[in-house]
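> The following file, structure15.txt, comprises compact mmCIF, N, CA and C atoms:
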```
# COMPACT_ATOMS: atom_id res chain seq x y z
N MET A 1 110.12 73.83 101.43
CA MET A 1 108.78 74.14 101.89
C MET A 1 107.80 73.23 101.14
N SER A 2 106.93 72.60 101.88
CA SER A 2 105.94 71.71 101.27
C SER A 2 104.59 72.41 101.18
N PRO A 3 103.64 71.88 100.41
CA PRO A 3 102.33 72.51 100.30
C PRO A 3 101.60 72.60 101.63
N GLU A 4 101.89 71.67 102.59
CA GLU A 4 101.19 71.75 103.86
C GLU A 4 101.85 72.73 104.83
N THR A 5 103.05 73.16 104.56
CA THR A 5 103.73 74.11 105.44
C THR A 5 103.41 75.53 105.00
N PRO A 6 102.84 76.32 105.89
CA PRO A 6 102.51 77.69 105.49
C PRO A 6 103.80 78.51 105.30
N PRO A 7 103.74 79.52 104.48
CA PRO A 7 104.92 80.37 104.29
C PRO A 7 105.25 81.09 105.60
N PRO A 8 106.50 81.48 105.78
CA PRO A 8 106.87 82.18 107.02
C PRO A 8 106.12 83.51 107.11
N PRO A 9 105.84 83.95 108.33
CA PRO A 9 105.13 85.23 108.47
C PRO A 9 105.97 86.37 107.93
N ASP A 10 105.28 87.38 107.46
CA ASP A 10 105.96 88.57 106.95
C ASP A 10 106.70 89.23 108.11
N GLN A 11 107.99 89.44 107.95
CA GLN A 11 108.81 89.99 109.03
C GLN A 11 108.92 91.51 108.98
N ARG A 12 108.33 92.11 107.96
CA ARG A 12 108.40 93.58 107.86
C ARG A 12 107.48 94.22 108.89
N PRO A 13 107.86 95.41 109.39
CA PRO A 13 106.96 96.09 110.33
C PRO A 13 105.66 96.47 109.61
N GLU A 14 104.60 96.51 110.39
CA GLU A 14 103.32 96.89 109.80
C GLU A 14 103.35 98.34 109.37
N LYS A 15 102.75 98.60 108.22
CA LYS A 15 102.62 99.97 107.75
C LYS A 15 101.54 100.65 108.58
N GLN A 16 101.78 101.89 108.95
CA GLN A 16 100.77 102.62 109.72
C GLN A 16 99.49 102.70 108.91
N GLU A 17 98.35 102.54 109.55
CA GLU A 17 97.10 102.48 108.81
C GLU A 17 96.77 103.78 108.10
N TRP A 18 97.35 104.92 108.55
CA TRP A 18 97.04 106.18 107.86
C TRP A 18 97.96 106.39 106.67
N GLY A 19 98.93 105.51 106.47
CA GLY A 19 99.71 105.52 105.24
C GLY A 19 100.73 106.63 105.12
N ASP A 20 101.12 107.28 106.20
CA ASP A 20 102.12 108.35 106.14
C ASP A 20 103.50 107.74 106.37
N ASP A 21 104.29 107.64 105.33
CA ASP A 21 105.63 107.06 105.45
C ASP A 21 106.55 107.90 106.33
N ARG A 22 106.18 109.15 106.59
CA ARG A 22 107.00 110.02 107.43
C ARG A 22 106.72 109.81 108.92
N PHE A 23 105.74 108.98 109.24
CA PHE A 23 105.36 108.75 110.63
C PHE A 23 106.26 107.67 111.22
N GLY A 24 107.15 108.10 112.10
CA GLY A 24 108.11 107.18 112.70
C GLY A 24 108.04 107.22 114.22
N PRO A 25 109.09 106.74 114.87
CA PRO A 25 109.07 106.65 116.33
C PRO A 25 108.99 108.00 117.03
N GLU A 26 109.58 109.04 116.47
CA GLU A 26 109.48 110.36 117.10
C GLU A 26 108.04 110.89 117.03
N ALA A 27 107.38 110.66 115.91
CA ALA A 27 105.98 111.06 115.78
C ALA A 27 105.12 110.28 116.77
N GLN A 28 105.37 108.99 116.88
CA GLN A 28 104.61 108.17 117.82
C GLN A 28 104.82 108.66 119.25
N ALA A 29 106.06 109.01 119.60
CA ALA A 29 106.35 109.51 120.95
C ALA A 29 105.62 110.83 121.20
N SER A 30 105.53 111.68 120.19
CA SER A 30 104.80 112.94 120.33
C SER A 30 103.33 112.69 120.63
N VAL A 31 102.74 111.78 119.90
CA VAL A 31 101.33 111.44 120.12
C VAL A 31 101.14 110.84 121.51
N ASP A 32 102.01 109.91 121.87
CA ASP A 32 101.90 109.27 123.19
C ASP A 32 102.01 110.29 124.32
N ARG A 33 102.98 111.22 124.21
CA ARG A 33 103.13 112.26 125.24
C ARG A 33 101.88 113.12 125.33
N SER A 34 101.36 113.50 124.18
CA SER A 34 100.17 114.35 124.16
C SER A 34 98.97 113.64 124.78
N LEU A 35 98.77 112.40 124.40
CA LEU A 35 97.64 111.64 124.94
C LEU A 35 97.77 111.47 126.45
N GLY A 36 99.00 111.36 126.93
CA GLY A 36 99.24 111.20 128.35
C GLY A 36 98.87 112.42 129.18
N THR A 37 98.74 113.57 128.54
CA THR A 37 98.40 114.80 129.27
C THR A 37 96.90 115.09 129.29
N LEU A 38 96.15 114.37 128.48
CA LEU A 38 94.72 114.64 128.35
C LEU A 38 93.91 113.85 129.37
N ARG A 39 92.91 114.51 129.95
CA ARG A 39 92.03 113.84 130.93
C ARG A 39 90.69 113.45 130.29
N ASP A 40 90.26 114.22 129.31
CA ASP A 40 88.96 113.97 128.69
C ASP A 40 89.13 113.01 127.51
N PRO A 41 88.41 111.88 127.52
CA PRO A 41 88.53 110.93 126.41
C PRO A 41 88.13 111.53 125.06
N ASP A 42 87.21 112.49 125.06
CA ASP A 42 86.83 113.13 123.80
C ASP A 42 88.00 113.90 123.20
N ASP A 43 88.80 114.53 124.05
CA ASP A 43 89.99 115.23 123.57
C ASP A 43 90.97 114.24 122.95
N ALA A 44 91.15 113.10 123.61
CA ALA A 44 92.05 112.07 123.08
C ALA A 44 91.55 111.54 121.74
N LEU A 45 90.25 111.36 121.61
CA LEU A 45 89.69 110.89 120.34
C LEU A 45 89.92 111.91 119.22
N ARG A 46 89.81 113.21 119.56
CA ARG A 46 90.08 114.26 118.55
C ARG A 46 91.54 114.20 118.10
N VAL A 47 92.45 114.03 119.06
CA VAL A 47 93.87 113.94 118.71
C VAL A 47 94.12 112.73 117.82
N LEU A 48 93.58 111.59 118.20
CA LEU A 48 93.78 110.37 117.41
C LEU A 48 93.17 110.49 116.01
N ALA A 49 92.01 111.12 115.90
CA ALA A 49 91.38 111.31 114.59
C ALA A 49 92.24 112.21 113.71
N LEU A 50 92.79 113.27 114.31
CA LEU A 50 93.65 114.17 113.54
C LEU A 50 94.91 113.46 113.08
N VAL A 51 95.52 112.68 113.96
CA VAL A 51 96.73 111.95 113.60
C VAL A 51 96.43 110.91 112.53
N LYS A 52 95.29 110.24 112.64
CA LYS A 52 94.93 109.26 111.61
C LYS A 52 94.75 109.94 110.26
N GLU A 53 94.14 111.10 110.27
CA GLU A 53 93.89 111.83 109.01
C GLU A 53 95.16 112.47 108.45
N SER A 54 95.99 113.06 109.32
CA SER A 54 97.09 113.91 108.85
C SER A 54 98.48 113.38 109.17
N GLY A 55 98.59 112.29 109.88
CA GLY A 55 99.86 111.62 110.10
C GLY A 55 100.90 112.43 110.84
N ALA A 56 102.12 112.39 110.32
CA ALA A 56 103.27 112.99 110.99
C ALA A 56 103.14 114.50 111.15
N GLY A 57 102.48 115.15 110.22
CA GLY A 57 102.28 116.60 110.35
C GLY A 57 101.50 116.94 111.61
N ALA A 58 100.48 116.13 111.90
CA ALA A 58 99.70 116.35 113.12
C ALA A 58 100.54 116.06 114.36
N ALA A 59 101.36 115.02 114.30
CA ALA A 59 102.23 114.71 115.44
C ALA A 59 103.20 115.85 115.70
N ALA A 60 103.71 116.46 114.64
CA ALA A 60 104.60 117.62 114.80
C ALA A 60 103.84 118.80 115.38
N TYR A 61 102.61 118.99 114.94
CA TYR A 61 101.79 120.10 115.44
C TYR A 61 101.58 120.00 116.95
N LEU A 62 101.46 118.79 117.45
CA LEU A 62 101.27 118.58 118.88
C LEU A 62 102.49 119.07 119.68
N LEU A 63 103.64 119.18 119.04
CA LEU A 63 104.86 119.62 119.71
C LEU A 63 105.03 121.13 119.77
N LEU A 64 104.24 121.87 119.00
CA LEU A 64 104.35 123.32 119.04
C LEU A 64 103.91 123.83 120.41
N PRO A 65 104.66 124.77 120.99
CA PRO A 65 104.34 125.20 122.36
C PRO A 65 102.99 125.88 122.51
N ASP A 66 102.47 126.48 121.45
CA ASP A 66 101.19 127.18 121.58
C ASP A 66 99.99 126.35 121.10
N THR A 67 100.20 125.06 120.84
CA THR A 67 99.10 124.20 120.42
C THR A 67 98.29 123.78 121.64
N ASN A 68 97.00 124.05 121.59
CA ASN A 68 96.09 123.60 122.65
C ASN A 68 95.53 122.25 122.21
N ILE A 69 96.14 121.18 122.71
CA ILE A 69 95.76 119.85 122.24
C ILE A 69 94.38 119.43 122.72
N ALA A 70 93.81 120.16 123.66
CA ALA A 70 92.46 119.85 124.15
C ALA A 70 91.40 120.71 123.47
N ALA A 71 91.78 121.51 122.49
CA ALA A 71 90.84 122.41 121.83
C ALA A 71 89.81 121.61 121.02
N ALA A 72 88.58 122.07 121.05
CA ALA A 72 87.52 121.42 120.28
C ALA A 72 87.76 121.58 118.77
N ASN A 73 88.48 122.63 118.39
CA ASN A 73 88.74 122.89 116.97
C ASN A 73 90.18 122.54 116.59
N LEU A 74 90.76 121.52 117.21
CA LEU A 74 92.15 121.14 116.96
C LEU A 74 92.41 120.88 115.49
N ASP A 75 91.51 120.17 114.82
CA ASP A 75 91.73 119.87 113.40
C ASP A 75 91.73 121.15 112.56
N GLU A 76 90.87 122.09 112.90
CA GLU A 76 90.81 123.35 112.16
C GLU A 76 92.08 124.16 112.35
N THR A 77 92.54 124.27 113.60
CA THR A 77 93.76 125.05 113.84
C THR A 77 94.97 124.39 113.19
N PHE A 78 94.99 123.06 113.17
CA PHE A 78 96.08 122.36 112.47
C PHE A 78 96.08 122.69 110.99
N HIS A 79 94.92 122.54 110.35
CA HIS A 79 94.85 122.78 108.90
C HIS A 79 95.11 124.24 108.54
N ASP A 80 94.77 125.16 109.42
CA ASP A 80 95.08 126.57 109.17
C ASP A 80 96.58 126.84 109.26
N ALA A 81 97.28 126.09 110.09
CA ALA A 81 98.69 126.37 110.34
C ALA A 81 99.64 125.54 109.48
N TYR A 82 99.28 124.33 109.13
CA TYR A 82 100.23 123.41 108.48
C TYR A 82 100.49 123.80 107.03
N VAL A 83 101.77 123.88 106.69
CA VAL A 83 102.17 124.19 105.32
C VAL A 83 102.45 122.88 104.59
N ASP A 84 103.44 122.14 105.05
CA ASP A 84 103.81 120.86 104.45
C ASP A 84 105.07 120.37 105.15
N ALA A 85 105.65 119.29 104.61
CA ALA A 85 106.88 118.74 105.17
C ALA A 85 107.93 118.64 104.08
N TRP A 86 109.17 118.90 104.46
CA TRP A 86 110.31 118.80 103.56
C TRP A 86 111.36 117.92 104.22
N GLU A 87 112.02 117.11 103.43
CA GLU A 87 113.06 116.25 103.98
C GLU A 87 114.30 117.06 104.33
N HIS A 88 114.56 118.11 103.58
CA HIS A 88 115.72 118.97 103.83
C HIS A 88 115.26 120.41 103.96
N PHE A 89 115.76 121.10 104.97
CA PHE A 89 115.36 122.49 105.17
C PHE A 89 115.74 123.35 103.97
N ALA A 90 116.84 123.03 103.31
CA ALA A 90 117.27 123.79 102.13
C ALA A 90 116.21 123.76 101.03
N GLU A 91 115.48 122.66 100.92
CA GLU A 91 114.40 122.58 99.93
C GLU A 91 113.28 123.55 100.28
N PHE A 92 112.94 123.62 101.57
CA PHE A 92 111.91 124.56 102.00
C PHE A 92 112.38 126.00 101.75
N ARG A 93 113.64 126.30 102.10
CA ARG A 93 114.19 127.65 101.87
C ARG A 93 114.09 128.02 100.39
N ARG A 94 114.46 127.08 99.53
CA ARG A 94 114.38 127.33 98.09
C ARG A 94 112.94 127.61 97.66
N ASP A 95 111.99 126.84 98.20
CA ASP A 95 110.58 127.04 97.86
C ASP A 95 110.08 128.40 98.33
N VAL A 96 110.54 128.84 99.51
CA VAL A 96 110.16 130.17 100.01
C VAL A 96 110.71 131.24 99.08
N LEU A 97 111.99 131.14 98.75
CA LEU A 97 112.60 132.15 97.86
C LEU A 97 111.94 132.14 96.49
N ASP A 98 111.61 130.97 96.00
CA ASP A 98 110.93 130.86 94.71
C ASP A 98 109.54 131.49 94.79
N GLY A 99 108.82 131.21 95.89
CA GLY A 99 107.49 131.78 96.07
C GLY A 99 107.49 133.30 96.14
N LEU A 100 108.56 133.86 96.67
CA LEU A 100 108.70 135.32 96.73
C LEU A 100 109.10 135.92 95.39
N GLY A 101 109.53 135.05 94.47
CA GLY A 101 109.99 135.53 93.16
C GLY A 101 111.45 135.96 93.17
N TRP A 102 112.13 135.76 94.28
CA TRP A 102 113.50 136.24 94.39
C TRP A 102 114.47 135.43 93.53
N LEU A 103 114.26 134.12 93.40
CA LEU A 103 115.17 133.32 92.59
C LEU A 103 115.16 133.78 91.14
N ASP A 104 113.96 134.00 90.60
CA ASP A 104 113.85 134.46 89.21
C ASP A 104 114.41 135.88 89.06
N ALA A 105 114.15 136.73 90.04
CA ALA A 105 114.64 138.11 89.97
C ALA A 105 116.17 138.14 89.94
N ILE A 106 116.80 137.37 90.81
CA ILE A 106 118.26 137.34 90.85
C ILE A 106 118.81 136.74 89.57
N LYS A 107 118.18 135.67 89.08
CA LYS A 107 118.63 135.05 87.83
C LYS A 107 118.53 136.04 86.67
N ASN A 108 117.44 136.80 86.62
CA ASN A 108 117.28 137.78 85.54
C ASN A 108 118.37 138.85 85.60
N VAL A 109 118.66 139.36 86.79
CA VAL A 109 119.72 140.37 86.93
C VAL A 109 121.07 139.78 86.53
N MET A 110 121.33 138.56 86.97
CA MET A 110 122.60 137.91 86.64
C MET A 110 122.73 137.72 85.13
N ASP A 111 121.63 137.30 84.49
CA ASP A 111 121.65 137.10 83.03
C ASP A 111 121.85 138.43 82.31
N GLU A 112 121.09 139.46 82.74
CA GLU A 112 121.19 140.76 82.08
C GLU A 112 122.57 141.39 82.24
N GLN A 113 123.16 141.21 83.40
CA GLN A 113 124.44 141.85 83.69
C GLN A 113 125.64 140.95 83.38
N GLY A 114 125.39 139.72 82.97
CA GLY A 114 126.48 138.80 82.67
C GLY A 114 127.27 138.37 83.90
N ILE A 115 126.59 138.29 85.04
CA ILE A 115 127.26 137.89 86.28
C ILE A 115 127.36 136.36 86.30
N PRO A 116 128.56 135.83 86.45
CA PRO A 116 128.72 134.36 86.48
C PRO A 116 127.98 133.75 87.68
N ASP A 117 127.54 132.51 87.49
CA ASP A 117 126.75 131.81 88.52
C ASP A 117 127.46 131.71 89.86
N ASP A 118 128.77 131.61 89.86
CA ASP A 118 129.50 131.41 91.12
C ASP A 118 129.88 132.72 91.82
N HIS A 119 129.35 133.87 91.35
CA HIS A 119 129.72 135.16 91.94
C HIS A 119 128.77 135.68 93.01
N LEU A 120 127.56 135.17 93.04
CA LEU A 120 126.59 135.61 94.06
C LEU A 120 126.16 134.41 94.89
N ARG A 121 126.08 134.62 96.20
CA ARG A 121 125.65 133.58 97.13
C ARG A 121 124.57 134.14 98.06
N TRP A 122 123.60 133.31 98.38
CA TRP A 122 122.58 133.70 99.34
C TRP A 122 123.16 133.64 100.74
N ASN A 123 122.78 134.59 101.57
CA ASN A 123 123.16 134.57 102.98
C ASN A 123 122.08 133.75 103.69
N HIS A 124 122.30 132.44 103.77
CA HIS A 124 121.29 131.53 104.30
C HIS A 124 120.93 131.84 105.75
N ALA A 125 121.90 132.29 106.53
CA ALA A 125 121.60 132.60 107.94
C ALA A 125 120.56 133.71 108.04
N VAL A 126 120.69 134.74 107.23
CA VAL A 126 119.74 135.85 107.26
C VAL A 126 118.39 135.42 106.69
N VAL A 127 118.41 134.67 105.60
CA VAL A 127 117.16 134.17 105.02
C VAL A 127 116.44 133.29 106.04
N ASP A 128 117.19 132.43 106.73
CA ASP A 128 116.58 131.55 107.72
C ASP A 128 115.99 132.33 108.89
N GLU A 129 116.61 133.43 109.28
CA GLU A 129 116.04 134.28 110.33
C GLU A 129 114.69 134.84 109.89
N ARG A 130 114.60 135.28 108.64
CA ARG A 130 113.33 135.79 108.12
C ARG A 130 112.28 134.69 108.06
N ILE A 131 112.70 133.50 107.68
CA ILE A 131 111.78 132.36 107.65
C ILE A 131 111.28 132.07 109.06
N ALA A 132 112.19 132.08 110.04
CA ALA A 132 111.82 131.78 111.43
C ALA A 132 110.85 132.82 112.00
N ALA A 133 110.85 134.01 111.44
CA ALA A 133 109.92 135.05 111.90
C ALA A 133 108.50 134.79 111.38
N THR A 134 108.39 133.99 110.34
CA THR A 134 107.10 133.73 109.70
C THR A 134 106.57 132.33 109.97
N TYR A 135 107.47 131.37 110.11
CA TYR A 135 107.08 129.97 110.21
C TYR A 135 107.66 129.33 111.47
N ASP A 136 106.97 128.31 111.97
CA ASP A 136 107.52 127.41 112.97
C ASP A 136 107.94 126.14 112.25
N ALA A 137 109.07 125.58 112.64
CA ALA A 137 109.57 124.36 112.02
C ALA A 137 109.83 123.32 113.11
N ILE A 138 109.31 122.13 112.88
CA ILE A 138 109.52 121.01 113.79
C ILE A 138 110.18 119.89 112.99
N ARG A 139 111.33 119.42 113.48
CA ARG A 139 112.00 118.29 112.82
C ARG A 139 111.57 117.02 113.55
N LEU A 140 111.02 116.10 112.77
CA LEU A 140 110.47 114.88 113.33
C LEU A 140 110.75 113.73 112.37
N ASP A 141 111.43 112.72 112.85
CA ASP A 141 111.72 111.52 112.05
C ASP A 141 112.37 111.86 110.70
N GLY A 142 113.27 112.85 110.71
CA GLY A 142 114.01 113.19 109.50
C GLY A 142 113.30 114.14 108.55
N TRP A 143 112.16 114.68 108.94
CA TRP A 143 111.41 115.60 108.09
C TRP A 143 111.21 116.92 108.81
N TRP A 144 111.22 118.01 108.07
CA TRP A 144 110.90 119.34 108.59
C TRP A 144 109.43 119.60 108.32
N HIS A 145 108.65 119.72 109.38
CA HIS A 145 107.22 120.06 109.27
C HIS A 145 107.10 121.56 109.54
N ILE A 146 106.48 122.26 108.61
CA ILE A 146 106.44 123.72 108.64
C ILE A 146 105.01 124.19 108.89
N PHE A 147 104.91 125.19 109.79
CA PHE A 147 103.63 125.77 110.19
C PHE A 147 103.70 127.28 110.14
N TYR A 148 102.61 127.92 109.72
CA TYR A 148 102.50 129.37 109.86
C TYR A 148 102.43 129.70 111.32
N LYS A 149 103.04 130.82 111.70
CA LYS A 149 102.96 131.27 113.10
C LYS A 149 101.60 131.85 113.37
```
Would you put the structure from the file into structure tokens?


Amino acid sequence: MSPETPPPPDQRPEKQEWGDDRFGPEAQASVDRSLGTLRDPDDALRVLALVKESGAGAAAYLLLPDTNIAAANLDETFHDAYVDAWEHFAEFRRDVLDGLGWLDAIKNVMDEQGIPDDHLRWNHAVVDERIAATYDAIRLDGWWHIFYK
């Protein structure tokens, strides 16, 4: 390469301007589908503003069956419902159990009673049913986006 020859163009894909690394092709498809259903340009601008601000979480919110994507208060309803995103559902389950205090309670009983660590197991299917009664979960581009019902 000589001084007069410019360096080769950067071959990496452009980073999304809102900076959400979780925003991938599935999130983009969600936004595109939603925009395709809207007739009012103001509604489309609200959707785009929300996605720019909140990234993949907003794209996942657009997929919930009870989301009114044409609502004037779309950003408010999103922020009221959105919990966060987890790469693995097991991490979210652990956070729920920890938030309830159940992990510490079980550990205390096990310590007090001398129960070995490998003797008690969580029934994940039942815990997940309880979680599903409280939260909506959307898997998008490898992430679990969680919303209050």

> In Å, rounded to a single decimal, give me how far atom C of Ala29 (chain A) is from atom C of Leu140 (chain A).

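One can read the atom C of Leu140 (chain A) to atom C of Ala29 (chain A) distance as 10.6 Å.
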
> Within 8 Å of region 91-93 of chain A, counting only C-alpha atoms, which residues qualify if same-chain residues fewer than 4 places away don't, as a ChimeraX atom specification?

/A:86-87,97,127-128,131

> Just how far from CA of Trp122 (chain A) is CA of Leu64 (chain A), in Å to one decimal?

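Taking CA of Leu64 (chain A) as the start and CA of Trp122 (chain A) as the end point, the length is 28.8 Å.
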
> From the set A:Ala125, A:Leu100, A:Ala44, A:Ile138, which residue has the shortest atom-to-atom contact distance to Leu74 (chain A), counting only C-alpha atoms?

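The closest residue to Leu74 (chain A) is A:Ala44.
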
> Quick one: pick out all strand (DSSP E) residues within chain A from a backbone DSSP run and write them as a list in words.

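Output for chain A, strand (DSSP E) only: Tyr82, Val83, Asp84, Ala85, Trp86, Tyr135, Asp136, Ala137, Ile138, Arg139, Leu140, Trp143, Trp144, His145, Ile146, Phe147 and Tyr148 of chain A.
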
> Keeping N, CA and C atoms for every residue in the selection just given, could you write it to a file as a short mmCIF file (atom, residue, chain, number, x, y, z; two decimals), in the frame of the given file?


```cif
data_model
loop_
_atom_site.label_atom_id
_atom_site.label_comp_id
_atom_site.auth_asym_id
_atom_site.auth_seq_id
_atom_site.Cartn_x
_atom_site.Cartn_y
_atom_site.Cartn_z
N TYR A 82 99.28 124.33 109.13
CA TYR A 82 100.23 123.41 108.48
C TYR A 82 100.49 123.80 107.03
N VAL A 83 101.77 123.88 106.69
CA VAL A 83 102.17 124.19 105.32
C VAL A 83 102.45 122.88 104.59
N ASP A 84 103.44 122.14 105.05
CA ASP A 84 103.81 120.86 104.45
C ASP A 84 105.07 120.37 105.15
N ALA A 85 105.65 119.29 104.61
CA ALA A 85 106.88 118.74 105.17
C ALA A 85 107.93 118.64 104.08
N TRP A 86 109.17 118.90 104.46
CA TRP A 86 110.31 118.80 103.56
C TRP A 86 111.36 117.92 104.22
N TYR A 135 107.47 131.37 110.11
CA TYR A 135 107.08 129.97 110.21
C TYR A 135 107.66 129.33 111.47
N ASP A 136 106.97 128.31 111.97
CA ASP A 136 107.52 127.41 112.97
C ASP A 136 107.94 126.14 112.25
N ALA A 137 109.07 125.58 112.64
CA ALA A 137 109.57 124.36 112.02
C ALA A 137 109.83 123.32 113.11
N ILE A 138 109.31 122.13 112.88
CA ILE A 138 109.52 121.01 113.79
C ILE A 138 110.18 119.89 112.99
N ARG A 139 111.33 119.42 113.48
CA ARG A 139 112.00 118.29 112.82
C ARG A 139 111.57 117.02 113.55
N LEU A 140 111.02 116.10 112.77
CA LEU A 140 110.47 114.88 113.33
C LEU A 140 110.75 113.73 112.37
N TRP A 143 112.16 114.68 108.94
CA TRP A 143 111.41 115.60 108.09
C TRP A 143 111.21 116.92 108.81
N TRP A 144 111.22 118.01 108.07
CA TRP A 144 110.90 119.34 108.59
C TRP A 144 109.43 119.60 108.32
N HIS A 145 108.65 119.72 109.38
CA HIS A 145 107.22 120.06 109.27
C HIS A 145 107.10 121.56 109.54
N ILE A 146 106.48 122.26 108.61
CA ILE A 146 106.44 123.72 108.64
C ILE A 146 105.01 124.19 108.89
N PHE A 147 104.91 125.19 109.79
CA PHE A 147 103.63 125.77 110.19
C PHE A 147 103.70 127.28 110.14
N TYR A 148 102.61 127.92 109.72
CA TYR A 148 102.50 129.37 109.86
C TYR A 148 102.43 129.70 111.32
#
```

> Specify the axis-aligned box that encloses all atoms of region 43-52 of chain A listed in the file after padding of 6 Å on each side, stating its centre and edge lengths in Å to one decimal as AutoDock Vina command-line options.


```
--center_x 92.8 --center_y 112.2 --center_z 117.2 --size_x 19.9 --size_y 18.0 --size_z 25.8
```

> What lies within 12 Å of Trp143 (chain A) using only C-alpha atoms, ignoring chain neighbours under 6 positions off, as a PyMOL selection string?

chain A and resi 20-24+26-27+56-57+59-60+84-92+137

> So the first atom is atom C of Leu45 (chain A) and the second is atom N of Arg139 (chain A); what is the distance between them in Å, to one decimal place?

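Result for atom C of Leu45 (chain A) versus atom N of Arg139 (chain A): 23.4 Å, one decimal.
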
> Can you list, as a PyMOL selection string, every protein, DNA or RNA residue that comes within 12 Å of Phe78 (chain A) when you count only C-alpha atoms, leaving out same-chain residues fewer than 6 positions away?

chain A and resi 46-47+50-51+53-64+66-69+71-72+84+145-149

> Using the chain letters and numbers from this document, which residues of chain A does DSSP assign to helix (DSSP H, G or I), as a PyMOL selection string?

chain A and resi 25-37+41-54+56-61+74-81+89-100+102-113+117-119+124-134
